[in-house]
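Scroll down for the structure; my scribbles are underneath it.
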Amino acid sequence: MKHCDVIVIGGGHAGCEAAHAAARMGVKTALITLKREGIGVMSCNPAIGGLGKGHLVREIDALDGVMGRVADKAGIQFRLLNRRKGPAVQGPRAQADRKIYREEMLSETECRIGLEILEGEVIDLLMQGDRVCGVVLADGCEISADAVILTTGTFLRGVIHIGNIARAGGRLGDRPSVLLAQRLETFGLPMGRLKTGTPPRLDGRSIDWSGLEMQPGDENPVLFSFLSKSVSARQIECGITHTNSQTHDIIEKNLNRSAMYGGHIDGIGPRYCPSIEDKIVRFSEKESHQIFLEPESLSDHTIYPNGISTSLPVEVQEAYVHSIKGLERAEILQPGYAIEYDFIDPRSLRPSLELKDVQGLFLAGQINGTTGYEEAAAQGLVAGLNAAHIVRGKEAIVFGRSNSYIGVMIDDLTSRGVSEPYRMFTSRAEFRLSLRADNADQRLTKLGLDLGCIGEDRKAIFLEKMEQLDRAKSILSTTTYTPTQLNAAGIGVSQDGKRRTGLDVLAFPNVHVEDLQSLIPELCDMAPAIRVQVEYDALYATYISRQANDVDALKRDERHAIPSDFDFASIIGLSNELKQKLVGARPTSLAQAARIDGMTPAALALILARLKRGNRAIRA
Amino acid sequence: MDTIFALASAQGKAGVAVIRVSGPMALATAQSLCSGGLPARGMSLRTLRDSTGNQLDDALVLTFSAPASFTGEDVVELHLHGSVAVVSSVLRVLSDFKGLRLAEPGEFTRRAMENGRLDLSQVEGLADLIDAETDAQRRQAQRVLAGQLGDLAESWRQDLIRAASLIEATIDFADEDIPEDVTPEVRILIDRVQHDLIRETAGVVIAERIRSGFEVAIIGPPNVGKSTLLNALAGRQAAITSEYAGTTRDVIEVRMELSGLAVTFLDTAGLRETTDIIEDMGISLALDRAERADLRVFLADSKEELGVCFKGGDILVHPKADMRLDKIDSVSGITGEGLSELVDRIAAVLKDRSISAGLATRERHRIAMERAKESLEAASLFLDAGTNQYEIAAEEMRVAIRSLESLVGRVDVENLLDEIFSSFCLGK
Ligand SMILES: Cc1cc2nc3c(=O)[nH]c(=O)nc-3n(C[C@H](O)[C@H](O)[C@H](O)COP(=O)(O)OP(=O)(O)OC[C@H]3O[C@@H](n4cnc5c(N)ncnc54)[C@H](O)[C@@H]3O)c2cc1C
């Protein structure tokens with residue numbers, strides 16, 4: 001039988017990132033997916049990044065992942081969201097050329113050393129007791145492995161709805177994975193059902209662009225990867241149009257024919273990505289909704305009308321689309337649809353994304369109840385790194401809430417589960433001011449170097465940048481200046497007699513490195529990127545130091561791992577209510593236990609006492 | 001590691017209250033209270049003063065240096081004279097030190113554990129204590145929430161969730177149809193909460209509570225002599241007494257000092273089934289107040305059948321001692337028999353409590369409100385600075401909400417998202 005160290009099932013965003021991560025760690029990896037051309041396919045809107053999501057892409061890139069670089073090559077319109085707000089909440093976003101993205105992802109994957117692509121459908125897992133030891137393909141071929149990562153997205157019992165027509169499918173045009181779903185059922189994992197939708201695609205040549213407002217990208221595009229220097233694809237503009245009262249009338253009249261409103265779907269959909277039906281019902285007072293007309297590719301004419309996802313019958317989709325300005329004669333290339341699918345309650349996962357009850361089996365991506373390419377890719381990365389560690393017999397790599405959005409997401413998923421498709425927002429990160437898109441490399445690349453997942457190019461660039469940053473910071477912090485000196489240099493400070501360093505002064509809003517040049521001439525030859533970085537760091541310095549105690553406490557709790565067979569019920573002194581919550585949630589660390597509602601330090605002390613006693617017993 | 005402080009209950013040492021400070025700043029803090037000169041380890045008799053030099057108390061100050069201390073960190077114990085006012089002012093002064101904060105329940109134990117200062121059986125022996133602590137807190141919280149502060153706290157919660165969600169919406173949904181300038185509404189909400197906080201912390205309400213002190217409910221079946229007992233305790237005719245059952249229709253309060261503690265006695269309507277609507281109202285009011293009181297004196301032959309739970313520390317005395325042969329554990333308001341024993345028992349229980357839950361909770365709330373007030377002030381300033389500092393305003397809001405957690409309950413991102421999704425049509 002053929003053997004690989006790590007097998008990744010699924011070539012979507014989670015699967016690609018997982019396979020690359022495992023291969024970068026140096027273990028022999030196979031990526032098994034239905035179709036080679038399906039690698040890197042974007043099921044929905046071809047856009048990458050945004051708020052929270054852009055942060056995730058930067059973090060993936062900081063660990064030498066692929067998503068950022070591929071998105072930079074495929075980007076046809078870049079916009080930095082929240083440009084007018086503080087740097088902590090700015091998120092890079094790009095409209096991507098669907099075709100370039102797929103091709104670039106495929107070529108990256110084909111070129112990766114230690115990574116093999118296999119076409120086929122995985123229909124079963126090979127088991128050895130509670131441990132997964134390989135997969136079975138539809139053609140009967142078996143492959144053994146030390147770790148398996150499952151990233152099948154919406155393919156588990158996927159059902160596609162267009163009006164009252166429902167059919168099985170993992171995506172429009174793709175079959176669902178029925179046999180694999182049956183195997184998963186035998187594990188007795190808690191599962192749920194979610195739904196999502198997508199708008200009809202339009203032919204750009206049939207749209208009347210003349211009267212529409214156009215939105216260009218940023219003049220100075222902000223890219224995703226710390227390695228990218230400039231955009232490579234031609235840049236385009238997006239159109240903007242609006243729904244009107246006629247559109248709303250059509251939709252209202254046909255609500256009972258929508259799969260979602262006709263009672264055909266019971267999965268829970270995301271509130272931040274409602275269908276047009278939803279918008280009209282829930283916000284009936286709104287007379288019009290904005291629609292962005294986003295080209296999907298430079299090489300074909302498909303337009304993605306962002307804002308009108310739907311599960312109405314095709315003829316109703318046609319009618320309401322035609323009621324919209326500019327779309328009067330628009331031709332629908334592919335109807336909008338809703339999809340319902342199974343997900344596995346992520347509370348059954350460890351922070352490494354390995355299942356608590358099935359050794360060697362990792363889950364990543366939409367299968368864990370998330371939505372979005374970036375969320376999927378970030379999980380893939382975590383699963384890939386950890387699968388490699390399992391192969392090597394090393395301990396789990398845990399991302400924390402204090403070092404990354406990746407850590408925030410994994411902790412949210414594994415400790416709280418999901419009630420609707422989970423998407424990243426910056427407001428989910430309590431340490432948002434330090435988890436910025438601009439400093440993702442400072443936060444994570446060092447960790448990546450220690451793990452061994454960073455390539456030589458990135459290593460060199462990173463070390464050079466860190467050296468420059470250190471130098472800049474030391475120049476700015478060695479000398480202190482009196483208010484008189486500062487005022488003389490044109491920086492307004494109060495005459496409080498306090499001496500300040502350059503960094504202290506940069507913490508004032510509206511003070512920039514230029515303003516200090518006359519005082520500190522060495523600053524003149526500081527690279528622009530380094531200047532910006534120093535300014536951003538200084539801007540939040542007081543807040544970050546204020547949070548330092550919280551961060552320390554959190555890290556301390558994260559270090560106390562709770563074994564999976566830990567017996568919460570027998571701890572004397574915990575209230576029954578708390579015991580029940582603990583038994584239900586099965587926290588894997590003291591930090592997770594601390595996030596349970598009603599938990600007190602006293603109760604944590606009791607758990608800790610038991611943990612320590614447990615450890616001692618093992619050592620004895 | 002931050003430095004924490006709290007009132008450590010001084011069991012069996014009536015009259016002395018111990019405040020414990022643990023962490024890297026413990027010694028420096030104590031030095032500043034005592035105007036310097038404390039040894040790193042030892043026992044000193046000192047006058048404590050606040051930053052403006054006002055005398056707080058003469059205290060016995062015990063210093064321990066890491067790692068040989070209860071928690072394994074630098075620890076200072078301030079043994080105070082125990083009056084409620086003194087303890088509360090020392091806590092107040094401590095809370096004003098930068099970098100110091102009130103300990104969460106069990107936090108000293110937790111630190112001691114982490115630093116290997118407690119053996120594991122000792123920790124597990126604390127289990128009972130933890131239960132009691134949690135219970136005492138729950139009772140306190142219920143009382144706060146049933147009272148006036150509870151209504152306020154609920155309105156703060158709603159205002160703060162709304163305000164924070166507006167700011168977060170402009171941050172996380174910048175590319176959507178959201179009103180660009182949410183400042184006016186946020187400002188109104190913050191100002192409203194701020195206004196309440198200023199009033200509450202200005203001391204009117206809090207001081208009132210500290211002054212009004214403990215509530216002790218006297219309960220029992222009709223006509224057993226509750227009102228007569230109360231009159232005897234108060235030494236004046238406070239409640240109307242008559243020989244007909246059911247005369248005391250309202251809850252009557254009598255305030256007095258009992259061994260230095262402020263105590264409010266509640267005379268509740270006789271507890272019995274009735275068809276009289278007014279009397280029935282009186283009874284349900286009585287039951288309610290009695291449940292929430294710090295202590296209940298059951299003037300009855302048994303603790304059952306009164307419709308009120310007999311909780312830990314509650315006192316059962318038999319009524320009408322003057323008419324009994326066996327006078328053990330009984331009291332008479334008419335002759336005064338058993339009265340001073342009863343007063344001693346009540347005082348002993350309350351003394352013990354004054355050092356734990358009640359005062360500590362009030363002080364915790366005050367500190368929480370002060371911190372929240374500061375953060376909201378800062379949030380307002382950053383809002384004024386315009387959208388480019390919204391994320392900092394949001395951070396200050398987050399701190400404010402966290403500070404008020406003990407009052408308004410935990411607010412997490414899901415609450416904000418709920419508010420955002422119900423008020424804005426999002427999703428392109
Ligand atoms: C209709 C639709 C609308 C969406 N709308 C949005 C949206 O508006 N916003 C948003 O953020 N996200 C949206 N998403 C979600 C986003 O596309 C996904 O979250 C993301 O692509 C998930 O990545 P993944 O890697 O988990 O799964 P996918 O990208 O779905 O990849 C799954 C892969 O597994 C392979 N596979 C499946 N079964 C097997 C098997 N048995 N053997 C081998 N290979 C197999 C498939 O070929 C595929 O390559 C939408 C998805 C769909 C389907």
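Residues in the structure tokens are named by chain (A, B, ... in the order shown) and by number from 1 within that chain; ligands are numbered from 1 in the order shown.
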Counting only C-alpha atoms and all ligand atoms, name the residues that have an atom within 6 Å of an atom of ligand 1; the answer should be given as a JSON list (two decimals) with N, CA and C atoms, in the first residue's frame.
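After the write, pocket_17.json holds the following:
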```json
[["chain", "number", "residue", "atom", "x", "y", "z"],
["A", 9, "ILE", "N", -7.56, 15.87, 2.42],
["A", 9, "ILE", "CA", -8.71, 15.59, 1.54],
["A", 9, "ILE", "C", -9.40, 16.90, 1.22],
["A", 10, "GLY", "N", -9.42, 17.28, -0.07],
["A", 10, "GLY", "CA", -10.08, 18.52, -0.48],
["A", 10, "GLY", "C", -9.07, 19.55, -0.93],
["A", 11, "GLY", "N", -9.30, 20.12, -2.12],
["A", 11, "GLY", "CA", -8.35, 21.10, -2.65],
["A", 11, "GLY", "C", -8.91, 22.50, -2.64],
["A", 12, "GLY", "N", -9.78, 22.79, -1.70],
["A", 12, "GLY", "CA", -10.30, 24.15, -1.55],
["A", 12, "GLY", "C", -9.26, 25.00, -0.81],
["A", 13, "HIS", "N", -9.73, 26.04, -0.17],
["A", 13, "HIS", "CA", -8.79, 26.98, 0.46],
["A", 13, "HIS", "C", -8.16, 26.39, 1.71],
["A", 14, "ALA", "N", -8.96, 25.64, 2.46],
["A", 14, "ALA", "CA", -8.40, 25.00, 3.66],
["A", 14, "ALA", "C", -7.42, 23.91, 3.23],
["A", 15, "GLY", "N", -7.83, 23.12, 2.26],
["A", 15, "GLY", "CA", -7.00, 22.00, 1.83],
["A", 15, "GLY", "C", -5.67, 22.44, 1.27],
["A", 32, "ILE", "N", -5.50, 15.09, -1.91],
["A", 32, "ILE", "CA", -6.44, 14.33, -2.73],
["A", 32, "ILE", "C", -7.69, 15.17, -2.92],
["A", 33, "THR", "N", -8.04, 15.43, -4.19],
["A", 33, "THR", "CA", -9.22, 16.24, -4.43],
["A", 33, "THR", "C", -9.96, 15.72, -5.64],
["A", 34, "LEU", "N", -11.24, 16.11, -5.75],
["A", 34, "LEU", "CA", -12.09, 15.55, -6.80],
["A", 34, "LEU", "C", -11.51, 15.81, -8.19],
["A", 38, "GLY", "N", -10.11, 21.85, -9.82],
["A", 38, "GLY", "CA", -10.90, 22.40, -8.71],
["A", 38, "GLY", "C", -10.01, 23.01, -7.64],
["A", 39, "ILE", "N", -8.72, 22.86, -7.78],
["A", 39, "ILE", "CA", -7.81, 23.40, -6.77],
["A", 39, "ILE", "C", -7.86, 24.93, -6.78],
["A", 42, "MET", "N", -12.86, 29.42, -6.19],
["A", 42, "MET", "CA", -13.61, 30.26, -5.26],
["A", 42, "MET", "C", -15.09, 30.01, -5.52],
["A", 43, "SER", "N", -15.76, 29.44, -4.52],
["A", 43, "SER", "CA", -17.16, 29.04, -4.71],
["A", 43, "SER", "C", -18.07, 30.24, -4.87],
["A", 44, "CYS", "N", -17.65, 31.34, -4.30],
["A", 44, "CYS", "CA", -18.56, 32.48, -4.26],
["A", 44, "CYS", "C", -17.86, 33.69, -4.82],
["A", 120, "GLY", "N", -9.23, 12.26, -7.19],
["A", 120, "GLY", "CA", -10.06, 11.14, -6.79],
["A", 120, "GLY", "C", -11.01, 11.55, -5.69],
["A", 121, "GLU", "N", -11.99, 10.68, -5.44],
["A", 121, "GLU", "CA", -12.92, 10.94, -4.36],
["A", 121, "GLU", "C", -12.58, 10.02, -3.20],
["A", 122, "VAL", "N", -12.37, 10.61, -2.05],
["A", 122, "VAL", "CA", -12.15, 9.79, -0.87],
["A", 122, "VAL", "C", -13.51, 9.33, -0.39],
["A", 123, "ILE", "N", -13.68, 8.00, -0.24],
["A", 123, "ILE", "CA", -14.99, 7.53, 0.20],
["A", 123, "ILE", "C", -14.97, 6.95, 1.60],
["A", 151, "THR", "N", -10.98, 18.47, 4.60],
["A", 151, "THR", "CA", -11.35, 19.86, 4.30],
["A", 151, "THR", "C", -12.37, 19.88, 3.16],
["A", 152, "THR", "N", -13.48, 19.18, 3.36],
["A", 152, "THR", "CA", -14.41, 19.02, 2.24],
["A", 152, "THR", "C", -15.48, 20.10, 2.15],
["A", 153, "GLY", "N", -15.31, 21.19, 2.89],
["A", 153, "GLY", "CA", -16.19, 22.34, 2.70],
["A", 153, "GLY", "C", -17.67, 22.03, 2.83],
["A", 154, "THR", "N", -18.43, 22.43, 1.80],
["A", 154, "THR", "CA", -19.88, 22.26, 1.83],
["A", 154, "THR", "C", -20.31, 20.94, 1.21],
["A", 155, "PHE", "N", -19.36, 20.02, 1.04],
["A", 155, "PHE", "CA", -19.69, 18.80, 0.29],
["A", 155, "PHE", "C", -20.37, 17.73, 1.13],
["A", 171, "ARG", "N", -21.52, 21.94, -4.60],
["A", 171, "ARG", "CA", -21.39, 23.27, -5.16],
["A", 171, "ARG", "C", -22.10, 23.14, -6.48],
["A", 177, "SER", "N", -20.31, 14.66, -1.19],
["A", 177, "SER", "CA", -19.56, 13.49, -0.72],
["A", 177, "SER", "C", -20.43, 12.70, 0.22],
["A", 180, "LEU", "N", -18.38, 9.52, 2.34],
["A", 180, "LEU", "CA", -17.52, 10.03, 3.40],
["A", 180, "LEU", "C", -18.37, 10.53, 4.57],
["A", 196, "THR", "N", -25.88, 28.71, 3.15],
["A", 196, "THR", "CA", -25.36, 29.96, 2.63],
["A", 196, "THR", "C", -25.89, 30.11, 1.22],
["A", 197, "GLY", "N", -25.66, 31.28, 0.62],
["A", 197, "GLY", "CA", -26.23, 31.48, -0.71],
["A", 197, "GLY", "C", -25.30, 32.28, -1.57],
["A", 198, "THR", "N", -25.65, 32.36, -2.84],
["A", 198, "THR", "CA", -24.81, 33.09, -3.78],
["A", 198, "THR", "C", -25.73, 33.75, -4.81],
["A", 339, "ILE", "N", -27.28, 26.90, -0.53],
["A", 339, "ILE", "CA", -26.79, 25.55, -0.29],
["A", 339, "ILE", "C", -26.84, 25.25, 1.21],
["A", 365, "GLY", "N", -11.66, 24.23, 7.83],
["A", 365, "GLY", "CA", -12.45, 24.91, 6.82],
["A", 365, "GLY", "C", -13.93, 24.94, 7.15],
["A", 366, "GLN", "N", -14.71, 25.07, 6.10],
["A", 366, "GLN", "CA", -16.15, 25.24, 6.26],
["A", 366, "GLN", "C", -16.81, 24.07, 6.99],
["A", 367, "ILE", "N", -16.19, 22.92, 6.95],
["A", 367, "ILE", "CA", -16.71, 21.74, 7.64],
["A", 367, "ILE", "C", -16.81, 22.00, 9.16],
["A", 371, "THR", "N", -17.27, 30.31, 7.55],
["A", 371, "THR", "CA", -17.55, 30.66, 6.18],
["A", 371, "THR", "C", -16.42, 31.57, 5.71],
["A", 372, "GLY", "N", -16.10, 31.51, 4.46],
["A", 372, "GLY", "CA", -15.07, 32.39, 3.94],
["A", 372, "GLY", "C", -13.79, 31.66, 3.60],
["A", 373, "TYR", "N", -13.14, 32.17, 2.56],
["A", 373, "TYR", "CA", -11.88, 31.54, 2.11],
["A", 373, "TYR", "C", -10.77, 31.71, 3.14],
["A", 376, "ALA", "N", -11.14, 29.59, 6.16],
["A", 376, "ALA", "CA", -10.82, 28.21, 5.79],
["A", 376, "ALA", "C", -9.31, 28.02, 5.68]]
```
Given only C-alpha atoms, how would the per-residue table for stretch 6-95 of chain A near stretch 394-407 of chain B read, listing every residue at most 12 Å away with its closest atom pair and distance in Å to one decimal, sorted by chain and number, as JSON lines?
```
{"residue": "A:Lys85", "atom": "CA", "partner": "B:Ala394", "partner_atom": "CA", "distance": 12.0}
{"residue": "A:Gly86", "atom": "CA", "partner": "B:Ala394", "partner_atom": "CA", "distance": 11.3}
{"residue": "A:Ala88", "atom": "CA", "partner": "B:Glu395", "partner_atom": "CA", "distance": 11.2}
{"residue": "A:Val89", "atom": "CA", "partner": "B:Ala394", "partner_atom": "CA", "distance": 10.9}
```
Next, the residues of the selection above should be written as a PDB file, in the first residue's frame with C-alpha atoms.
```
ATOM      1  CA  LYS A  85      -9.410  54.882  10.632  1.00  0.00           C
ATOM      2  CA  GLY A  86      -6.528  53.749  12.832  1.00  0.00           C
ATOM      3  CA  ALA A  88      -5.228  48.495  13.892  1.00  0.00           C
ATOM      4  CA  VAL A  89      -8.544  48.277  12.085  1.00  0.00           C
TER       5      VAL A  89
END
```
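One finds atom CA of A:Gly269 at 21.8 Å from atom CA of A:Val408.
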- Item | Test item: residues at most 6 Å from A:Ser311, only C-alpha atoms, excluding those fewer than 4 positions along its chain, as a PyMOL selection string | chain A and resi 162-163+258-259+337-338
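Minimum atom-to-atom distance to chain B, evaluated using only C-alpha atoms, belongs to A:Met424 out of A:Met424, A:Ala23, A:Leu363, A:Leu212.
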- Closest of A:Ser427, A:Gln468, A:Thr482, A:Ser348 to chain B, counting only C-alpha atoms, is A:Ser427
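Restricting the calculation to only C-alpha atoms, the smallest distance between chain B and any of A:Met260, A:Ala553, A:Ala561, A:Ala94 is found for A:Ala553.
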- Message: Here is a test: counting only C-alpha atoms, which residue of B:Gly99, B:Pro105, B:Gly313, B:Gly72 is nearest to chain A?
- Response: B:Pro105
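From atom CA of A:Lys446 back to atom CA of A:Val57, the distance works out to 16.9 Å.
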- Message: If the cut-off is 8 Å, can you tell me the residues of chain A near chain B, counting only C-alpha atoms? I'd like them as JSON, numbers by chain.
- Response: {"A": [51, 52, 81, 82, 84, 85, 86, 88, 89, 271, 272, 273, 274, 279, 283, 290, 291, 292, 306, 307, 308, 425, 426, 427, 428, 433, 549, 552, 553, 572, 573, 574, 575, 600, 601, 602, 603, 604, 605, 606, 608, 609, 610, 613]}
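Compared by their closest atoms to A:Arg131, and using only C-alpha atoms, the residues A:Asn368, A:Ser434, A:Gln317, A:Gln359 rank with A:Gln359 nearest.
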